[in-house]
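For reference, the structure discussed in these notes is given below.
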Amino acid sequence: MKERLHQLQQEALEKIEQASDLKALNDVRIAYLGKKGPITEVLRGMGSLSPEERPIMGALANEVRQAIQTALEAKQAKLEQEEVEKKLAAETIDVTLPGRPIRRGNPHPLTRVIEEIEDLFIGMGYTIAEGPEVEKDYYNFEALNLPKGHPARDMQDSFYITEEILLRTHTSPVQARTMEKHQGRGPVKIICPGKVYRRDNDDATHSHQFTQIEGLVVDENIRMSDLKGTLREFARKMFGEDRDIRFRPSFFPFTEPSVEVDVSCFNCGGHGCNVCKGTGWIEILGAGMVHPNVLEMAGFDSKKYTGFAFGMGPERIAMLKYGIDDIRHFYQNDIRFLQQFNRV
Ligand code: PHE
């Protein structure tokens, strides 16, 4: 029996030595130390021994077990260490590899144009004013000289929420609100950027929601020539130093006189091309001298104060400037469109 135990120990140690990975090692553990293993079997035969021999054999069996166990642990530690080393060798880091590029976000082209226009007017001493998009009928129409039943209200197909509340159809209500806040005292010099809403069917040049920038100056001795000088400056900064502007008579209920403003074509310099449809001029905004009724309703003395106002669509400005052919591109957020405006 003693020999058998020594022999088993010998065998097991050899197999442990030969085990080349953790799985093989575990197989050896199960084979020799498991309940169905040969050592257990040997111990089962102890019943046939004399009482003196039994403890000696028991102690020997334990020694053998212990020896195998110790060898198993040592080998396991060794194999694990080898595995870590293998991994480290295989996974060397190449510090010369180029890094993965991080995708950078960029402001939306419309945001950029609006900010550009804002900066331009801030440079001329204007401040930015804002107002609600859900607006009272009073500020959107009445305070702008469009009383209820005025035929010009037909020009503005509006989203009404109640009889008295609607989504603003233009940024002009911000003029009315700002003038009211000034309580009849000038000067007022603001631009108002923001979203506006009209019941248009969306197509290449119409959108039910778009943006406007309104400008308003009210002070003593403000003349139409001030309006013209201001807008010429704007046109040159926006479309190039060689640009000129012209006024064409028009109508807005809140300005008198009213004008449409054209800029000389930045594509052909005014000779006529497909961008300006052969005319040499491109319409960019509406403007005029603030109607005395509008000044009076907001609490300004129209004998003392005069003013000018203008309104433009940043989408239109951006479309002209960048040759964009469909207003819907601004709202669909197709990344291929937006990426063309990325900063480098
Ligand atoms: N509010 C006008 C529009 O929406 C634009 C405008 C503003 C015209 C100010 C004149 C003066 O069409």
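Following the order of the structure tokens, chains are lettered A, B, ..., residues in each are numbered from 1, and ligands are numbered from 1.
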Subject >> Nearby residues (only C-alpha atoms) at most 10 Å from Arg177 in chain A, same-chain spacing under 3 positions excluded, as a list in words >> reply: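 Here the answer would be Ala129, Glu130, Gly131, Tyr139, Asn140, Ala143, Ser172, Pro173, Val174, Glu180, Lys181, His182 and Ala298 of chain A.
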Report as a tab-separated table the residues of range 137-197 of chain A within 9 Å of range 218-225 of chain A, each with its shortest atom pair and distance in Å (one decimal), using only C-alpha atoms, ordered by chain and increasing residue number.
residue	atom	partner	partner_atom	distance
A:Met179	CA	A:Val218	CA	8.5
A:Arg185	CA	A:Asp219	CA	8.3
A:Gly186	CA	A:Asp219	CA	5.1
A:Pro187	CA	A:Asp219	CA	4.6
A:Val188	CA	A:Val218	CA	4.9
A:Lys189	CA	A:Val218	CA	6.6
**OP:** Write as a ChimeraX atom specification the residues around ligand 1, taking 8 Å as the cut-off and counting only C-alpha atoms and all ligand atoms.
**Re:** /A:169-172,212,214-216,252,254-255,258-259,285-290,308-312
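For Val263 in chain A, the list of residues within 8 Å, based on only C-alpha atoms and with local chain neighbours fewer than 3 positions off taken out, reads Ala235, Arg243, Asp244, Ile245, Arg246, Trp281, Ile282, Glu283 and Ile284 of chain A.
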Would you mind exporting the chosen residues as a PDB file, in the first residue's frame, restricted to all heavy atoms?
ATOM      1  N   ALA A 235     -24.687  95.847 -46.229  1.00  0.00           N
ATOM      2  CA  ALA A 235     -24.554  95.093 -47.485  1.00  0.00           C
ATOM      3  C   ALA A 235     -23.090  94.892 -47.852  1.00  0.00           C
ATOM      4  O   ALA A 235     -22.689  93.820 -48.323  1.00  0.00           O
ATOM      5  CB  ALA A 235     -25.294  95.815 -48.608  1.00  0.00           C
ATOM      6  N   ARG A 243     -20.129  96.451 -53.118  1.00  0.00           N
ATOM      7  CA  ARG A 243     -21.589  96.418 -53.285  1.00  0.00           C
ATOM      8  C   ARG A 243     -22.212  97.803 -53.127  1.00  0.00           C
ATOM      9  O   ARG A 243     -21.719  98.663 -52.418  1.00  0.00           O
ATOM     10  CB  ARG A 243     -22.248  95.481 -52.255  1.00  0.00           C
ATOM     11  CG  ARG A 243     -21.801  94.037 -52.335  1.00  0.00           C
ATOM     12  CD  ARG A 243     -22.402  93.328 -53.523  1.00  0.00           C
ATOM     13  NE  ARG A 243     -21.748  93.632 -54.775  1.00  0.00           N
ATOM     14  CZ  ARG A 243     -20.572  93.132 -55.132  1.00  0.00           C
ATOM     15  NH1 ARG A 243     -19.922  92.311 -54.336  1.00  0.00           N
ATOM     16  NH2 ARG A 243     -20.030  93.438 -56.289  1.00  0.00           N
ATOM     17  N   ASP A 244     -23.320  97.967 -53.836  1.00  0.00           N
ATOM     18  CA  ASP A 244     -24.136  99.158 -53.637  1.00  0.00           C
ATOM     19  C   ASP A 244     -25.547  98.688 -53.322  1.00  0.00           C
ATOM     20  O   ASP A 244     -25.859  97.510 -53.521  1.00  0.00           O
ATOM     21  CB  ASP A 244     -24.126 100.024 -54.907  1.00  0.00           C
ATOM     22  CG  ASP A 244     -24.407 101.492 -54.553  1.00  0.00           C
ATOM     23  OD1 ASP A 244     -24.736 101.771 -53.366  1.00  0.00           O
ATOM     24  OD2 ASP A 244     -24.319 102.338 -55.458  1.00  0.00           O
ATOM     25  N   ILE A 245     -26.383  99.596 -52.816  1.00  0.00           N
ATOM     26  CA  ILE A 245     -27.777  99.200 -52.586  1.00  0.00           C
ATOM     27  C   ILE A 245     -28.709 100.187 -53.290  1.00  0.00           C
ATOM     28  O   ILE A 245     -28.302 101.304 -53.638  1.00  0.00           O
ATOM     29  CB  ILE A 245     -28.140  99.138 -51.083  1.00  0.00           C
ATOM     30  CG1 ILE A 245     -27.898 100.490 -50.397  1.00  0.00           C
ATOM     31  CG2 ILE A 245     -27.391  98.040 -50.380  1.00  0.00           C
ATOM     32  CD1 ILE A 245     -28.612 100.607 -49.057  1.00  0.00           C
ATOM     33  N   ARG A 246     -29.940  99.757 -53.496  1.00  0.00           N
ATOM     34  CA  ARG A 246     -30.936 100.700 -54.015  1.00  0.00           C
ATOM     35  C   ARG A 246     -32.267 100.458 -53.299  1.00  0.00           C
ATOM     36  O   ARG A 246     -32.541  99.342 -52.819  1.00  0.00           O
ATOM     37  CB  ARG A 246     -31.104 100.555 -55.528  1.00  0.00           C
ATOM     38  CG  ARG A 246     -31.836  99.322 -55.944  1.00  0.00           C
ATOM     39  CD  ARG A 246     -32.103  99.297 -57.449  1.00  0.00           C
ATOM     40  NE  ARG A 246     -32.869  98.096 -57.800  1.00  0.00           N
ATOM     41  CZ  ARG A 246     -33.138  97.724 -59.034  1.00  0.00           C
ATOM     42  NH1 ARG A 246     -32.706  98.427 -60.069  1.00  0.00           N
ATOM     43  NH2 ARG A 246     -33.849  96.625 -59.257  1.00  0.00           N
ATOM     44  N   TRP A 281     -29.457  93.210 -59.718  1.00  0.00           N
ATOM     45  CA  TRP A 281     -29.817  93.509 -58.324  1.00  0.00           C
ATOM     46  C   TRP A 281     -30.503  92.326 -57.658  1.00  0.00           C
ATOM     47  O   TRP A 281     -31.216  91.570 -58.316  1.00  0.00           O
ATOM     48  CB  TRP A 281     -30.763  94.713 -58.264  1.00  0.00           C
ATOM     49  CG  TRP A 281     -30.135  95.979 -58.760  1.00  0.00           C
ATOM     50  CD1 TRP A 281     -30.190  96.464 -60.034  1.00  0.00           C
ATOM     51  CD2 TRP A 281     -29.352  96.899 -58.007  1.00  0.00           C
ATOM     52  NE1 TRP A 281     -29.496  97.642 -60.126  1.00  0.00           N
ATOM     53  CE2 TRP A 281     -28.970  97.940 -58.881  1.00  0.00           C
ATOM     54  CE3 TRP A 281     -28.939  96.954 -56.672  1.00  0.00           C
ATOM     55  CZ2 TRP A 281     -28.181  99.019 -58.463  1.00  0.00           C
ATOM     56  CZ3 TRP A 281     -28.165  98.035 -56.255  1.00  0.00           C
ATOM     57  CH2 TRP A 281     -27.789  99.049 -57.154  1.00  0.00           C
ATOM     58  N   ILE A 282     -30.299  92.197 -56.349  1.00  0.00           N
ATOM     59  CA  ILE A 282     -30.936  91.109 -55.598  1.00  0.00           C
ATOM     60  C   ILE A 282     -31.640  91.700 -54.380  1.00  0.00           C
ATOM     61  O   ILE A 282     -31.024  92.449 -53.596  1.00  0.00           O
ATOM     62  CB  ILE A 282     -29.868  90.089 -55.117  1.00  0.00           C
ATOM     63  CG1 ILE A 282     -29.125  89.505 -56.314  1.00  0.00           C
ATOM     64  CG2 ILE A 282     -30.518  88.985 -54.306  1.00  0.00           C
ATOM     65  CD1 ILE A 282     -27.907  88.686 -55.923  1.00  0.00           C
ATOM     66  N   GLU A 283     -32.918  91.354 -54.227  1.00  0.00           N
ATOM     67  CA  GLU A 283     -33.660  91.890 -53.082  1.00  0.00           C
ATOM     68  C   GLU A 283     -33.207  91.194 -51.798  1.00  0.00           C
ATOM     69  O   GLU A 283     -33.138  89.971 -51.733  1.00  0.00           O
ATOM     70  CB  GLU A 283     -35.162  91.643 -53.300  1.00  0.00           C
ATOM     71  CG  GLU A 283     -35.998  92.279 -52.229  1.00  0.00           C
ATOM     72  CD  GLU A 283     -37.449  91.789 -52.252  1.00  0.00           C
ATOM     73  OE1 GLU A 283     -37.981  91.551 -53.357  1.00  0.00           O
ATOM     74  OE2 GLU A 283     -38.022  91.650 -51.159  1.00  0.00           O
ATOM     75  N   ILE A 284     -32.878  91.996 -50.774  1.00  0.00           N
ATOM     76  CA  ILE A 284     -32.436  91.360 -49.531  1.00  0.00           C
ATOM     77  C   ILE A 284     -33.276  91.706 -48.306  1.00  0.00           C
ATOM     78  O   ILE A 284     -33.266  90.973 -47.324  1.00  0.00           O
ATOM     79  CB  ILE A 284     -30.948  91.637 -49.195  1.00  0.00           C
ATOM     80  CG1 ILE A 284     -30.631  93.133 -49.245  1.00  0.00           C
ATOM     81  CG2 ILE A 284     -30.026  90.850 -50.103  1.00  0.00           C
ATOM     82  CD1 ILE A 284     -29.303  93.491 -48.588  1.00  0.00           C
TER      83      ILE A 284
END
Subject >> Pairwise distance for CA of Asn274 in chain A and CA of Phe239 in chain A, rounded to one decimal in Å >> reply: 17.0 Å
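Of the listed residues (A:Thr211, A:Ser20, A:Asn26, A:Ser50), A:Thr211 comes nearest to Arg316 in chain A; the distances count only C-alpha atoms.
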**OP:** Select, from A:Leu5, A:Ile102, A:Met46, A:Leu22, the residue with the minimum atom-to-atom distance to Glu73 in chain A, counting only C-alpha atoms.
**Re:**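 The closest residue to Glu73 in chain A is A:Leu22.
For the set A:Lys136, A:Pro193, A:Thr162, A:Lys148, the residue with the smallest atom-to-atom gap to Asp119 in chain A is A:Pro193, counting only C-alpha atoms.
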Subject >> Members of range 103-279 of chain A assigned alpha helix (DSSP H) by DSSP, as a PyMOL selection string >> reply: chain A and resi 109-122+137-140+172-182+224-239
Original post:
What residues in range 154-270 of chain A get the DSSP label strand (DSSP E)? Please answer as a VMD selection string.
Top reply: chain A and resid 165 to 167 188 to 197 209 to 219 245 to 252 255 to 264
**OP:** Between A:Gly229, A:Pro38, A:Gly278, A:Gly272, single out the one closest to Glu11 in chain A, counting only C-alpha atoms.
**Re:**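 The closest residue to Glu11 in chain A is A:Pro38.
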**OP:** Skip Pro314 in chain A itself and residues of its chain fewer than 6 positions away, then list as a ChimeraX atom specification all residues within 12 Å of it, counting only C-alpha atoms.
**Re:** /A:109-118,192-196,210-214,238,284-285,320-322,327,330
File of the preceding selection, N, CA, C and O atoms, as an mmCIF file, in the first residue's frame:
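Saved result, selection-v3.cif, follows:
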data_model
loop_
_atom_site.group_PDB
_atom_site.id
_atom_site.type_symbol
_atom_site.label_atom_id
_atom_site.label_comp_id
_atom_site.auth_asym_id
_atom_site.auth_seq_id
_atom_site.Cartn_x
_atom_site.Cartn_y
_atom_site.Cartn_z
ATOM 1 N N PRO A 109 -25.017 76.519 -39.964
ATOM 2 C CA PRO A 109 -24.742 77.657 -40.857
ATOM 3 C C PRO A 109 -25.673 78.847 -40.609
ATOM 4 O O PRO A 109 -25.240 80.005 -40.717
ATOM 5 N N LEU A 110 -26.906 78.563 -40.260
ATOM 6 C CA LEU A 110 -27.847 79.652 -40.006
ATOM 7 C C LEU A 110 -27.450 80.429 -38.744
ATOM 8 O O LEU A 110 -27.480 81.665 -38.726
ATOM 9 N N THR A 111 -27.050 79.689 -37.725
ATOM 10 C CA THR A 111 -26.573 80.328 -36.493
ATOM 11 C C THR A 111 -25.379 81.227 -36.802
ATOM 12 O O THR A 111 -25.266 82.340 -36.285
ATOM 13 N N ARG A 112 -24.502 80.722 -37.685
ATOM 14 C CA ARG A 112 -23.307 81.502 -38.010
ATOM 15 C C ARG A 112 -23.670 82.806 -38.695
ATOM 16 O O ARG A 112 -23.114 83.866 -38.395
ATOM 17 N N VAL A 113 -24.628 82.728 -39.649
ATOM 18 C CA VAL A 113 -25.023 83.934 -40.375
ATOM 19 C C VAL A 113 -25.700 84.921 -39.421
ATOM 20 O O VAL A 113 -25.422 86.123 -39.454
ATOM 21 N N ILE A 114 -26.562 84.401 -38.544
ATOM 22 C CA ILE A 114 -27.236 85.283 -37.586
ATOM 23 C C ILE A 114 -26.200 85.961 -36.692
ATOM 24 O O ILE A 114 -26.249 87.171 -36.459
ATOM 25 N N GLU A 115 -25.226 85.192 -36.229
ATOM 26 C CA GLU A 115 -24.199 85.788 -35.359
ATOM 27 C C GLU A 115 -23.362 86.820 -36.106
ATOM 28 O O GLU A 115 -22.977 87.849 -35.546
ATOM 29 N N GLU A 116 -23.117 86.526 -37.372
ATOM 30 C CA GLU A 116 -22.340 87.474 -38.185
ATOM 31 C C GLU A 116 -23.098 88.808 -38.308
ATOM 32 O O GLU A 116 -22.519 89.897 -38.161
ATOM 33 N N ILE A 117 -24.402 88.703 -38.581
ATOM 34 C CA ILE A 117 -25.224 89.911 -38.720
ATOM 35 C C ILE A 117 -25.300 90.648 -37.375
ATOM 36 O O ILE A 117 -25.146 91.875 -37.314
ATOM 37 N N GLU A 118 -25.479 89.873 -36.304
ATOM 38 C CA GLU A 118 -25.517 90.498 -34.965
ATOM 39 C C GLU A 118 -24.219 91.271 -34.685
ATOM 40 O O GLU A 118 -24.264 92.435 -34.270
ATOM 41 N N CYS A 192 -33.321 92.637 -33.431
ATOM 42 C CA CYS A 192 -34.067 91.552 -32.786
ATOM 43 C C CYS A 192 -34.038 90.330 -33.686
ATOM 44 O O CYS A 192 -34.759 90.273 -34.674
ATOM 45 N N PRO A 193 -33.190 89.366 -33.355
ATOM 46 C CA PRO A 193 -33.188 88.118 -34.125
ATOM 47 C C PRO A 193 -34.170 87.133 -33.503
ATOM 48 O O PRO A 193 -34.407 87.182 -32.295
ATOM 49 N N GLY A 194 -34.746 86.264 -34.296
ATOM 50 C CA GLY A 194 -35.607 85.236 -33.697
ATOM 51 C C GLY A 194 -36.421 84.466 -34.709
ATOM 52 O O GLY A 194 -36.442 84.772 -35.897
ATOM 53 N N LYS A 195 -37.109 83.455 -34.177
ATOM 54 C CA LYS A 195 -37.932 82.595 -35.038
ATOM 55 C C LYS A 195 -39.295 83.225 -35.262
ATOM 56 O O LYS A 195 -39.852 83.853 -34.368
ATOM 57 N N VAL A 196 -39.835 83.018 -36.457
ATOM 58 C CA VAL A 196 -41.177 83.492 -36.782
ATOM 59 C C VAL A 196 -41.931 82.383 -37.518
ATOM 60 O O VAL A 196 -41.321 81.429 -38.005
ATOM 61 N N PHE A 210 -39.319 80.132 -39.831
ATOM 62 C CA PHE A 210 -38.021 80.597 -40.329
ATOM 63 C C PHE A 210 -37.519 81.666 -39.365
ATOM 64 O O PHE A 210 -38.085 81.840 -38.279
ATOM 65 N N THR A 211 -36.444 82.363 -39.719
ATOM 66 C CA THR A 211 -35.922 83.367 -38.793
ATOM 67 C C THR A 211 -35.918 84.742 -39.459
ATOM 68 O O THR A 211 -35.899 84.849 -40.687
ATOM 69 N N GLN A 212 -35.985 85.745 -38.615
ATOM 70 C CA GLN A 212 -35.900 87.132 -39.091
ATOM 71 C C GLN A 212 -34.952 87.891 -38.185
ATOM 72 O O GLN A 212 -34.747 87.519 -37.031
ATOM 73 N N ILE A 213 -34.413 88.969 -38.726
ATOM 74 C CA ILE A 213 -33.710 89.927 -37.880
ATOM 75 C C ILE A 213 -34.317 91.286 -38.165
ATOM 76 O O ILE A 213 -34.374 91.740 -39.310
ATOM 77 N N GLU A 214 -34.800 91.885 -37.104
ATOM 78 C CA GLU A 214 -35.440 93.183 -37.209
ATOM 79 C C GLU A 214 -34.455 94.226 -36.700
ATOM 80 O O GLU A 214 -33.723 93.968 -35.751
ATOM 81 N N MET A 238 -21.450 92.343 -45.582
ATOM 82 C CA MET A 238 -21.998 91.000 -45.769
ATOM 83 C C MET A 238 -21.662 90.428 -47.139
ATOM 84 O O MET A 238 -21.392 89.237 -47.280
ATOM 85 N N ILE A 284 -32.878 91.996 -50.774
ATOM 86 C CA ILE A 284 -32.436 91.360 -49.531
ATOM 87 C C ILE A 284 -33.276 91.706 -48.306
ATOM 88 O O ILE A 284 -33.266 90.973 -47.324
ATOM 89 N N LEU A 285 -33.987 92.822 -48.303
ATOM 90 C CA LEU A 285 -34.791 93.121 -47.105
ATOM 91 C C LEU A 285 -35.845 94.191 -47.349
ATOM 92 O O LEU A 285 -35.877 94.838 -48.396
ATOM 93 N N LEU A 320 -28.184 83.263 -50.420
ATOM 94 C CA LEU A 320 -27.510 84.073 -51.433
ATOM 95 C C LEU A 320 -25.995 83.974 -51.255
ATOM 96 O O LEU A 320 -25.257 83.740 -52.204
ATOM 97 N N LYS A 321 -25.575 84.134 -50.021
ATOM 98 C CA LYS A 321 -24.141 84.175 -49.748
ATOM 99 C C LYS A 321 -23.445 82.856 -50.088
ATOM 100 O O LYS A 321 -22.333 82.845 -50.599
ATOM 101 N N TYR A 322 -24.105 81.738 -49.777
ATOM 102 C CA TYR A 322 -23.458 80.438 -49.969
ATOM 103 C C TYR A 322 -24.009 79.653 -51.142
ATOM 104 O O TYR A 322 -23.660 78.480 -51.326
ATOM 105 N N ILE A 327 -34.421 76.211 -49.046
ATOM 106 C CA ILE A 327 -34.452 76.664 -47.642
ATOM 107 C C ILE A 327 -34.567 75.483 -46.681
ATOM 108 O O ILE A 327 -34.128 75.544 -45.539
ATOM 109 N N PHE A 330 -31.771 73.990 -44.344
ATOM 110 C CA PHE A 330 -31.428 74.522 -43.017
ATOM 111 C C PHE A 330 -32.071 73.734 -41.882
ATOM 112 O O PHE A 330 -31.587 73.762 -40.758
#
Subject >> For Gln9 in chain A, the nearest of the candidates A:Glu63, A:Asp262, A:Asp301, A:Glu233, counting only C-alpha atoms >> reply: A:Glu63
**OP:** Please provide the set of residues having any atom within 10 Å of Met1 in chain A, restricted to only C-alpha atoms, with same-chain residues fewer than 6 positions apart removed, written as JSON, numbers by chain.
**Re:** {"A": [7, 42, 43, 45, 46, 49, 57, 61]}
Kindly export the residues of the current selection with C-alpha atoms, as a PDB file, in the first residue's frame.
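Below is the file that was written, part-v6.pdb:
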ATOM      1  CA  GLN A   7       3.984   5.529  -6.875  1.00  0.00           C
ATOM      2  CA  VAL A  42      -6.246   3.354  -1.591  1.00  0.00           C
ATOM      3  CA  LEU A  43      -7.635   4.815   1.631  1.00  0.00           C
ATOM      4  CA  GLY A  45      -8.585  -0.348   1.427  1.00  0.00           C
ATOM      5  CA  MET A  46      -7.296   0.686   4.902  1.00  0.00           C
ATOM      6  CA  LEU A  49      -4.842  -3.114   7.808  1.00  0.00           C
ATOM      7  CA  MET A  57      -0.830   4.713   6.446  1.00  0.00           C
ATOM      8  CA  ALA A  61      -1.758   9.277   2.535  1.00  0.00           C
TER       9      ALA A  61
END
